[in-house]
Every structure is written in structure tokens, then in C-alpha cells.
file start-v8.cif (mmCIF, C-alpha atoms)
data_final
loop_
_atom_site.label_atom_id
_atom_site.label_comp_id
_atom_site.auth_asym_id
_atom_site.auth_seq_id
_atom_site.Cartn_x
_atom_site.Cartn_y
_atom_site.Cartn_z
CA MET E 182 -17.11 27.38 27.54
CA ILE E 183 -13.73 26.19 26.35
CA LEU E 184 -14.94 22.60 26.65
CA GLU E 185 -17.72 23.43 24.18
CA LYS E 186 -15.05 24.07 21.55
CA PHE E 187 -13.95 20.44 21.84
CA SER E 188 -17.48 19.18 21.15
CA LEU E 189 -18.12 17.42 17.84
CA LYS E 190 -21.87 17.26 18.30
CA GLY E 191 -23.58 17.33 14.91
CA LYS E 192 -20.36 16.65 13.01
CA VAL E 193 -19.78 13.85 10.51
CA ALA E 194 -16.37 12.19 10.33
CA ILE E 195 -14.79 9.74 7.89
CA VAL E 196 -12.14 7.47 9.43
CA THR E 197 -10.12 5.08 7.28
CA GLY E 198 -8.76 1.88 8.78
CA ALA E 199 -11.54 1.92 11.37
CA SER E 200 -11.91 -1.80 12.04
CA THR E 201 -9.24 -2.23 14.73
CA GLY E 202 -6.34 -0.60 16.53
CA LEU E 203 -5.65 3.09 16.31
CA GLY E 204 -8.39 3.66 13.74
CA GLN E 205 -11.02 2.08 15.93
CA GLY E 206 -9.77 4.01 18.93
CA MET E 207 -9.89 7.35 17.13
CA THR E 208 -13.35 6.49 15.78
CA LEU E 209 -14.56 5.97 19.32
CA GLY E 210 -12.90 9.17 20.49
CA LEU E 211 -14.71 11.16 17.81
CA ALA E 212 -18.00 9.45 18.66
CA GLU E 213 -17.50 10.13 22.37
CA ALA E 214 -17.10 13.80 21.45
CA GLY E 215 -20.42 13.70 19.59
CA ALA E 216 -19.64 12.89 15.95
CA ASP E 217 -21.38 10.41 13.69
CA VAL E 218 -18.78 8.31 11.88
CA VAL E 219 -18.26 6.72 8.49
CA GLY E 220 -15.72 3.93 8.90
CA VAL E 221 -13.74 2.70 5.90
CA ASP E 222 -11.74 -0.52 5.79
CA TYR E 223 -11.10 -3.56 3.58
CA VAL E 224 -13.08 -5.71 6.02
CA GLU E 225 -16.43 -5.28 7.73
CA MET E 226 -16.39 -3.25 10.95
CA LYS E 227 -19.13 -4.85 13.03
CA GLU E 228 -17.34 -4.40 16.36
CA THR E 229 -16.59 -0.75 15.65
CA GLN E 230 -20.19 -0.16 14.61
CA GLU E 231 -21.53 -1.74 17.80
CA LEU E 232 -19.19 0.33 19.98
CA VAL E 233 -20.13 3.58 18.21
CA GLU E 234 -23.83 2.87 18.40
CA LYS E 235 -23.56 2.07 22.11
CA LEU E 236 -22.36 5.67 22.49
CA GLY E 237 -25.59 6.86 20.86
CA ARG E 238 -23.94 7.90 17.61
CA LYS E 239 -24.60 6.74 14.03
CA PHE E 240 -22.11 4.60 12.11
CA LEU E 241 -21.86 3.79 8.41
CA GLY E 242 -19.37 1.15 7.32
CA ILE E 243 -17.88 1.26 3.82
CA THR E 244 -15.78 -1.69 2.66
CA ALA E 245 -13.12 -0.52 0.21
CA ASN E 246 -9.63 -1.34 -1.02
CA LEU E 247 -7.65 1.82 -0.37
CA MET E 248 -4.64 0.64 -2.37
CA SER E 249 -6.60 1.90 -5.36
CA MET E 250 -7.93 5.38 -6.12
CA GLU E 251 -11.13 3.92 -7.53
CA PRO E 252 -13.27 4.04 -4.35
CA LEU E 253 -12.12 7.41 -3.00
CA GLN E 254 -14.71 9.76 -4.50
CA GLY E 255 -17.43 7.23 -3.77
CA ILE E 256 -16.54 7.29 -0.06
CA VAL E 257 -17.17 11.02 0.11
CA ASP E 258 -20.29 10.77 -2.07
CA LYS E 259 -21.79 7.98 0.09
CA THR E 260 -21.09 9.97 3.23
CA VAL E 261 -22.88 13.02 1.86
CA GLU E 262 -25.74 10.88 0.54
CA THR E 263 -26.22 9.30 3.99
CA PHE E 264 -25.54 12.22 6.34
CA GLY E 265 -25.94 15.26 4.10
CA LYS E 266 -22.38 16.50 4.62
CA VAL E 267 -18.89 15.68 5.81
CA ASP E 268 -16.94 17.74 8.36
CA ILE E 269 -13.89 15.66 9.28
CA LEU E 270 -11.55 13.25 7.51
CA VAL E 271 -9.10 11.06 9.44
CA ASN E 272 -6.58 9.35 7.16
CA ASN E 273 -5.52 6.43 9.33
CA ALA E 274 -5.37 3.41 7.02
CA GLY E 275 -1.86 2.18 6.37
CA ILE E 276 0.38 -0.84 5.97
CA ILE E 277 4.01 -1.70 6.65
CA ARG E 278 6.45 -4.09 4.99
CA ARG E 279 9.67 -5.13 6.73
CA GLU E 280 12.79 -6.13 4.81
CA ASP E 281 16.43 -5.07 4.55
CA ALA E 282 16.71 -2.09 2.20
CA ILE E 283 19.22 -4.01 0.08
CA ASN E 284 16.58 -6.68 -0.65
CA PHE E 285 13.45 -4.50 -0.78
CA THR E 286 11.10 -5.21 -3.69
CA GLU E 287 9.27 -2.82 -5.99
CA LYS E 288 5.94 -4.35 -4.98
CA ASP E 289 6.59 -3.74 -1.28
CA TRP E 290 7.57 -0.18 -2.15
CA ASP E 291 4.52 0.51 -4.33
CA ASP E 292 1.92 -1.15 -2.07
CA VAL E 293 2.99 0.86 0.97
CA MET E 294 3.36 4.15 -0.92
CA ASN E 295 -0.05 3.73 -2.55
CA ILE E 296 -2.08 3.33 0.62
CA ASN E 297 0.07 5.36 3.02
CA SER E 298 0.66 8.47 0.91
CA LYS E 299 -1.12 8.45 -2.46
CA THR E 300 -4.50 7.56 -0.97
CA VAL E 301 -3.98 10.08 1.84
CA PHE E 302 -3.51 12.90 -0.66
CA PHE E 303 -6.31 12.02 -3.06
CA LEU E 304 -8.90 11.22 -0.39
CA SER E 305 -7.98 14.51 1.28
CA GLN E 306 -8.43 16.23 -2.06
CA ALA E 307 -11.90 14.69 -2.49
CA ALA E 308 -12.87 15.74 1.04
CA ALA E 309 -11.51 19.26 0.54
CA LYS E 310 -13.56 19.69 -2.62
CA GLN E 311 -16.65 18.73 -0.64
CA PHE E 312 -15.75 21.10 2.21
CA ILE E 313 -15.38 23.93 -0.31
CA ALA E 314 -18.66 23.05 -2.05
CA GLN E 315 -20.45 23.05 1.33
CA GLY E 316 -18.88 26.39 2.26
CA THR E 317 -18.39 25.07 5.79
CA GLY E 318 -14.67 24.44 5.97
CA GLY E 319 -13.49 21.18 7.47
CA LYS E 320 -10.80 19.24 9.30
CA ILE E 321 -8.31 16.77 7.86
CA VAL E 322 -6.17 14.73 10.24
CA SER E 323 -3.67 12.21 8.87
CA VAL E 324 -1.69 9.62 10.79
CA ALA E 325 2.04 10.13 10.42
CA SER E 326 4.70 8.28 12.44
CA MET E 327 7.93 8.55 14.39
CA LEU E 328 9.39 7.61 11.00
CA SER E 329 8.15 10.91 9.61
CA PHE E 330 11.06 12.28 11.67
CA GLN E 331 13.52 9.38 11.65
CA GLY E 332 14.88 6.78 9.26
CA GLY E 333 13.93 3.54 10.91
CA ILE E 334 15.36 0.09 10.22
CA ARG E 335 14.13 -2.37 7.56
CA VAL E 336 11.10 -0.22 6.62
CA PRO E 337 12.23 1.99 3.71
CA SER E 338 8.85 2.39 2.00
CA TYR E 339 7.06 2.99 5.30
CA THR E 340 9.59 5.68 6.23
CA ALA E 341 9.23 7.31 2.81
CA SER E 342 5.43 7.19 2.97
CA LYS E 343 5.18 8.63 6.47
CA SER E 344 7.70 11.38 5.65
CA ALA E 345 5.43 12.15 2.70
CA VAL E 346 2.41 12.39 5.02
CA MET E 347 4.11 15.08 7.08
CA GLY E 348 5.22 16.99 3.99
CA VAL E 349 1.94 16.86 2.12
CA THR E 350 0.10 17.85 5.31
CA ARG E 351 2.04 21.11 5.21
CA ALA E 352 1.46 21.55 1.49
CA MET E 353 -2.30 21.02 1.72
CA ALA E 354 -2.55 23.35 4.72
CA ASN E 355 -0.75 26.08 2.81
CA GLU E 356 -3.31 25.99 0.01
CA TRP E 357 -6.53 25.13 1.82
CA ALA E 358 -6.35 27.25 4.98
CA LYS E 359 -7.99 30.09 3.02
CA HIS E 360 -11.06 27.85 2.68
CA ASN E 361 -11.25 27.35 6.46
CA ILE E 362 -9.87 23.83 6.10
CA ASN E 363 -7.42 22.70 8.78
CA VAL E 364 -4.92 20.05 7.70
CA ASN E 365 -2.77 18.46 10.39
CA ALA E 366 -1.31 15.12 11.37
CA ILE E 367 -0.68 12.96 14.41
CA ALA E 368 2.55 11.01 14.77
CA PRO E 369 1.93 8.13 17.17
CA GLY E 370 4.92 6.83 19.04
CA TYR E 371 5.48 3.14 19.63
CA MET E 372 1.93 1.93 20.18
CA ALA E 373 0.65 -1.49 21.19
CA THR E 374 -1.00 -2.40 17.86
CA ASN E 375 -0.85 -5.14 15.23
CA ASN E 376 1.83 -3.22 13.32
CA THR E 377 4.22 -3.35 16.29
CA ALA E 378 3.49 -6.93 17.32
CA PRO E 379 6.77 -8.22 15.82
CA LEU E 380 8.74 -5.55 17.72
CA ARG E 381 7.00 -6.27 21.01
CA ALA E 382 7.59 -10.00 20.52
CA ASP E 383 11.33 -9.38 20.13
CA GLU E 384 12.47 -9.05 23.75
CA LYS E 385 15.76 -7.35 22.90
CA ARG E 386 14.23 -4.83 20.49
CA SER E 387 11.27 -4.15 22.80
CA ALA E 388 13.61 -3.46 25.72
CA GLU E 389 15.65 -1.05 23.56
CA ILE E 390 12.51 0.83 22.57
CA LEU E 391 11.10 1.04 26.09
CA GLY E 392 14.48 2.21 27.38
CA ARG E 393 14.23 5.30 25.21
CA ILE E 394 10.62 6.23 25.99
CA PRO E 395 10.53 8.64 28.98
CA ALA E 396 6.98 7.52 29.79
CA GLY E 397 8.36 3.99 30.21
CA ARG E 398 5.56 2.19 28.35
CA TRP E 399 4.17 1.42 24.93
CA GLY E 400 1.42 3.79 23.88
CA GLU E 401 -2.19 2.68 24.22
CA ILE E 402 -4.94 3.22 21.67
CA ASP E 403 -6.78 5.59 24.02
CA ASP E 404 -3.72 7.86 24.05
CA LEU E 405 -4.68 9.18 20.58
CA LYS E 406 -8.27 10.12 21.39
CA GLY E 407 -7.48 13.53 22.85
CA ALA E 408 -5.22 14.55 19.97
CA VAL E 409 -7.66 13.58 17.22
CA VAL E 410 -10.62 15.26 18.95
CA PHE E 411 -8.56 18.43 19.46
CA LEU E 412 -7.48 18.62 15.81
CA ALA E 413 -10.98 17.75 14.57
CA SER E 414 -12.70 20.35 16.73
CA GLU E 415 -13.08 24.11 16.88
CA ALA E 416 -10.49 24.11 19.68
CA GLY E 417 -7.80 23.33 17.09
CA SER E 418 -8.88 25.88 14.50
CA TYR E 419 -5.62 27.86 14.53
CA VAL E 420 -3.40 24.78 14.21
CA GLN E 421 -2.35 24.37 10.58
CA GLY E 422 0.10 22.10 8.79
CA TYR E 423 1.51 20.64 11.99
CA THR E 424 2.35 17.09 12.98
CA ILE E 425 1.72 16.45 16.69
CA ALA E 426 3.80 13.66 18.23
CA VAL E 427 1.94 11.49 20.72
CA ASP E 428 4.97 9.46 21.67
CA GLY E 429 5.54 9.33 25.42
CA GLY E 430 8.56 11.59 24.92
CA TRP E 431 10.41 9.44 22.33
CA LEU E 432 11.42 12.40 20.17
CA ALA E 433 12.52 14.39 23.18
CA ARG E 434 15.35 11.94 23.92
#

call {"tool": "encode", "arguments": {"input": "start-v8.cif", "output": "C-alpha cells"}}
result
Amino acid sequence: MILEKFSLKGKVAIVTGASTGLGQGMTLGLAEAGADVVGVDYVEMKETQELVEKLGRKFLGITANLMSMEPLQGIVDKTVETFGKVDILVNNAGIIRREDAINFTEKDWDDVMNINSKTVFFLSQAAAKQFIAQGTGGKIVSVASMLSFQGGIRVPSYTASKSAVMGVTRAMANEWAKHNINVNAIAPGYMATNNTAPLRADEKRSAEILGRIPAGRWGEIDDLKGAVVFLASEAGSYVQGYTIAVDGGWLAR
């Protein structure tokens, strides 16, 4: 009975940044739980589509540049046109720029803020309007970061953007809970993805990071599946405005 509340059978999810890494992993987790998925990325997502369809679920790929607001409403509209509704939005797409704060450029600030926080808010807004129009409620899950809680080094715009994700998650939850819309976030710890490749390649920095993680390892993509399914399902219906850390214990140290 309780397991039935984790089922996403018959649900339709939008996942941004679905081509690789955490986005692909969360897409597969949602599909494994029964959802059909609309993947959004700036490149084609053939591998993700094949993996979803092997699970017996439907997949629609939308190629879009999420640094701009221009495609956002169209993503929701195309989802509804194809599947008749949308139930879940996962805001995963994001970028990072590394440079000393003293030398950081306006372009590196604006590019990261645009995709990591501005797009998160306005795509969530578009999805929420659709949820309200449907009268069905819905689930919004955004990807935050350890740097939603901490300052980081050489990533000022990323830290600002991910702090914004945690804050705006609370703000949207405060206003939209009355419409049966759950808005939450996941803060992955240090995960083995493209974004962390430079850190993992730096033996000294990698050893420092691993020395602080109680679990003693970098996170794997599959580690996020349970959290995203929980927050996207009926099982998480009384969780609102919260950012769940999936970090191997990093923040506990």
C-alpha cells in the first residue's frame, strides 16, 4: 500500500538537462517508477530516449536553449499537446563557471544566473500555471547544491544561483501549496559527473573532498533516483519548500 504512493504510473514529467549525468539518471528513475518523460536539453537525447523506451515508457525530446526565456512556455505547451497534461517538473539543467572572484566576469555571472536560477523560476511558473489550469496540482523539483548551503571556492555565480534555487523553492511553495502544488529541491553532494571532473582530476582536492564525506565516496547518479521519485510522488505530498541533501553526509560534518 505505501509502495503504491511512490508509483508514478500515468504521470507525465518534464526533466531539463536530460541528456547525460544527473538529469539522465533522474529521468530514468521517474520512468522506472512509471512516468512518461519529456526531456529538454540543448542537444539531442537519443541515448536517454532509448533507455526510457526500453523501460516501456514514452519519451519526447525537446531541444532548447535554456539560457533564454523564449522556449519556456513552448516546452509546457508541447508537453500538453503530446501527452494531454503535465504532472511533474524537474529543473535540473545548469552550468558552472570557475574563476577567482576577483577576476570573475559579468558574462560568467549572467550566463550561470540565467540558466541556474532565472530559468528555474520562470519554467516553474509556466508549469504551475498549467497545474492550476488542469486543477490537478503538481510537483516541482529543482536541483540545488551543497553550495546552496556553503560559499564554495572560485564559483561565485554558481553559489549565488544555487542559493537562489533554495530560496525561491521556499517562496514558490509558500504561494502554490494552496493549489496542491509541491515545490521542493534536491541538493546533490559531490557527484561523479561532468561538472566535477576537474575536481576529481585534481588528486589533492579530490582527497580533501573524500576525506570529509562520511560515506567515503563520490555520489553516483543512481543515488538521486529515490529522492526525485519520492518528491515527485504522492508519498511526498506533505513535503513543501524543503531542500533535501543527498550528500553522503557532507553537511553533517

call {"tool": "resolve_selection", "arguments": {"input": "start-v8.cif", "expression": "the PyMOL selection byres ((chain E and resi 254) around 10)", "output": "list in words"}}
result
Met250, Glu251, Pro252, Leu253, Gly255, Ile256, Val257, Asp258, Lys259, Phe303, Leu304, Gln306, Ala307, Ala308 and Gln311 of chain E

call {"tool": "closest_atom_pairs", "arguments": {"input": "start-v8.cif", "of": "segment 229-294 of chain E", "to": "segment 210-223 of chain E", "cutoff": "8 Å", "atoms": "only C-alpha atoms", "output": "tab-separated table"}}
result
residue	atom	partner	partner_atom	distance
E:Val233	CA	E:Ala212	CA	6.3
E:Leu236	CA	E:Glu213	CA	6.6
E:Arg238	CA	E:Asp217	CA	5.3
E:Lys239	CA	E:Asp217	CA	4.9
E:Phe240	CA	E:Val218	CA	5.0
E:Leu241	CA	E:Val219	CA	4.6
E:Gly242	CA	E:Gly220	CA	4.9
E:Ile243	CA	E:Val221	CA	4.9
E:Thr244	CA	E:Tyr223	CA	5.1
E:Ala245	CA	E:Tyr223	CA	5.0
E:Asn246	CA	E:Tyr223	CA	5.3
E:Leu247	CA	E:Tyr223	CA	7.5
E:Thr260	CA	E:Val219	CA	6.8
E:Ala274	CA	E:Asp222	CA	7.6

call {"tool": "residues_around", "arguments": {"input": "start-v8.cif", "residues": "Leu270 of chain E", "least_positions_apart": "6", "cutoff": "8 Å", "atoms": "all atoms listed in the file", "output": "list in words"}}
result
Ala194, Ile195, Val196, Ser305, Ala308, Lys320, Ile321 and Val322 of chain E

call {"tool": "residues_around", "arguments": {"input": "start-v8.cif", "residues": "Val293 of chain E", "least_positions_apart": "4", "cutoff": "12 Å", "atoms": "all atoms listed in the file", "output": "compact mmCIF listing (two decimals) with C-alpha atoms, keeping the file's coordinate frame"}}
result
# COMPACT_ATOMS: atom_id res chain seq x y z
CA LEU E 247 -7.65 1.82 -0.37
CA MET E 248 -4.64 0.64 -2.37
CA SER E 249 -6.60 1.90 -5.36
CA ALA E 274 -5.37 3.41 7.02
CA GLY E 275 -1.86 2.18 6.37
CA ILE E 276 0.38 -0.84 5.97
CA ILE E 277 4.01 -1.70 6.65
CA ARG E 278 6.45 -4.09 4.99
CA ARG E 279 9.67 -5.13 6.73
CA PHE E 285 13.45 -4.50 -0.78
CA THR E 286 11.10 -5.21 -3.69
CA GLU E 287 9.27 -2.82 -5.99
CA LYS E 288 5.94 -4.35 -4.98
CA ASP E 289 6.59 -3.74 -1.28
CA ASN E 297 0.07 5.36 3.02
CA SER E 298 0.66 8.47 0.91
CA LYS E 299 -1.12 8.45 -2.46
CA THR E 300 -4.50 7.56 -0.97
CA VAL E 301 -3.98 10.08 1.84
CA VAL E 336 11.10 -0.22 6.62
CA PRO E 337 12.23 1.99 3.71
CA SER E 338 8.85 2.39 2.00
CA TYR E 339 7.06 2.99 5.30
CA THR E 340 9.59 5.68 6.23
CA ALA E 341 9.23 7.31 2.81
CA SER E 342 5.43 7.19 2.97
CA LYS E 343 5.18 8.63 6.47
CA ALA E 345 5.43 12.15 2.70

call {"tool": "atom_distance", "arguments": {"input": "start-v8.cif", "atom1": "atom CA of Gly422 of chain E", "atom2": "atom CA of Asn361 of chain E"}}
result
12.7 Å

call {"tool": "atom_distance", "arguments": {"input": "start-v8.cif", "atom1": "atom CA of Lys192 of chain E", "atom2": "atom CA of Gly348 of chain E"}}
result
27.1 Å

call {"tool": "closest_residue", "arguments": {"input": "start-v8.cif", "among": "E:Leu328, E:Ile296, E:Met347, E:Ile283", "to": "Thr197 of chain E", "atoms": "all atoms listed in the file"}}
result
E:Ile296

call {"tool": "axis_aligned_box", "arguments": {"input": "start-v8.cif", "around": "segment 347-355 of chain E", "padding_each_side": "4 Å", "output": "lines of an AutoDock Vina configuration file"}}
result
center_x = 1.3
center_y = 20.6
center_z = 4.3
size_x = 15.8
size_y = 19.0
size_z = 13.6

call {"tool": "atom_distance", "arguments": {"input": "start-v8.cif", "atom1": "atom CA of Ala416 of chain E", "atom2": "atom CA of Ala373 of chain E"}}
result
28.0 Å

call {"tool": "build_atoms", "arguments": {"input": "start-v8.cif", "residues": "segment 208-229 of chain E", "atoms": "N, CA and C atoms", "output": "JSON list (two decimals), keeping the file's coordinate frame"}}
result
[["chain", "number", "residue", "atom", "x", "y", "z"],
["E", 208, "THR", "N", -11.92, 6.48, 16.09],
["E", 208, "THR", "CA", -13.35, 6.49, 15.78],
["E", 208, "THR", "C", -14.17, 6.64, 17.05],
["E", 209, "LEU", "N", -13.82, 5.88, 18.06],
["E", 209, "LEU", "CA", -14.56, 5.97, 19.32],
["E", 209, "LEU", "C", -14.35, 7.31, 20.01],
["E", 210, "GLY", "N", -13.15, 7.85, 19.92],
["E", 210, "GLY", "CA", -12.90, 9.17, 20.49],
["E", 210, "GLY", "C", -13.76, 10.24, 19.85],
["E", 211, "LEU", "N", -13.88, 10.19, 18.53],
["E", 211, "LEU", "CA", -14.71, 11.16, 17.81],
["E", 211, "LEU", "C", -16.19, 10.98, 18.18],
["E", 212, "ALA", "N", -16.61, 9.72, 18.29],
["E", 212, "ALA", "CA", -18.00, 9.45, 18.66],
["E", 212, "ALA", "C", -18.28, 9.90, 20.09],
["E", 213, "GLU", "N", -17.33, 9.68, 20.99],
["E", 213, "GLU", "CA", -17.50, 10.13, 22.37],
["E", 213, "GLU", "C", -17.64, 11.65, 22.44],
["E", 214, "ALA", "N", -17.00, 12.34, 21.49],
["E", 214, "ALA", "CA", -17.10, 13.80, 21.45],
["E", 214, "ALA", "C", -18.35, 14.28, 20.73],
["E", 215, "GLY", "N", -19.13, 13.34, 20.17],
["E", 215, "GLY", "CA", -20.42, 13.70, 19.59],
["E", 215, "GLY", "C", -20.59, 13.48, 18.11],
["E", 216, "ALA", "N", -19.56, 13.02, 17.41],
["E", 216, "ALA", "CA", -19.64, 12.89, 15.95],
["E", 216, "ALA", "C", -20.29, 11.58, 15.53],
["E", 217, "ASP", "N", -21.00, 11.62, 14.41],
["E", 217, "ASP", "CA", -21.38, 10.41, 13.69],
["E", 217, "ASP", "C", -20.20, 10.04, 12.79],
["E", 218, "VAL", "N", -20.00, 8.74, 12.54],
["E", 218, "VAL", "CA", -18.78, 8.31, 11.88],
["E", 218, "VAL", "C", -19.06, 7.39, 10.70],
["E", 219, "VAL", "N", -18.31, 7.63, 9.62],
["E", 219, "VAL", "CA", -18.26, 6.72, 8.49],
["E", 219, "VAL", "C", -16.91, 6.01, 8.57],
["E", 220, "GLY", "N", -16.94, 4.71, 8.81],
["E", 220, "GLY", "CA", -15.72, 3.93, 8.90],
["E", 220, "GLY", "C", -15.42, 3.28, 7.56],
["E", 221, "VAL", "N", -14.16, 3.29, 7.17],
["E", 221, "VAL", "CA", -13.74, 2.70, 5.90],
["E", 221, "VAL", "C", -12.63, 1.70, 6.17],
["E", 222, "ASP", "N", -12.79, 0.50, 5.63],
["E", 222, "ASP", "CA", -11.74, -0.52, 5.79],
["E", 222, "ASP", "C", -11.95, -1.59, 4.71],
["E", 223, "TYR", "N", -10.97, -2.49, 4.58],
["E", 223, "TYR", "CA", -11.10, -3.56, 3.58],
["E", 223, "TYR", "C", -11.88, -4.75, 4.13],
["E", 224, "VAL", "N", -12.24, -4.68, 5.39],
["E", 224, "VAL", "CA", -13.08, -5.71, 6.02],
["E", 224, "VAL", "C", -14.28, -5.03, 6.68],
["E", 225, "GLU", "N", -15.28, -5.84, 7.03],
["E", 225, "GLU", "CA", -16.43, -5.28, 7.73],
["E", 225, "GLU", "C", -16.03, -4.83, 9.14],
["E", 226, "MET", "N", -16.75, -3.89, 9.68],
["E", 226, "MET", "CA", -16.39, -3.25, 10.95],
["E", 226, "MET", "C", -17.51, -3.39, 11.97],
["E", 227, "LYS", "N", -17.98, -4.63, 12.15],
["E", 227, "LYS", "CA", -19.13, -4.85, 13.03],
["E", 227, "LYS", "C", -18.86, -4.43, 14.47],
["E", 228, "GLU", "N", -17.66, -4.77, 14.97],
["E", 228, "GLU", "CA", -17.34, -4.40, 16.36],
["E", 228, "GLU", "C", -17.30, -2.89, 16.53],
["E", 229, "THR", "N", -16.66, -2.21, 15.57],
["E", 229, "THR", "CA", -16.59, -0.75, 15.65],
["E", 229, "THR", "C", -17.99, -0.14, 15.60]]
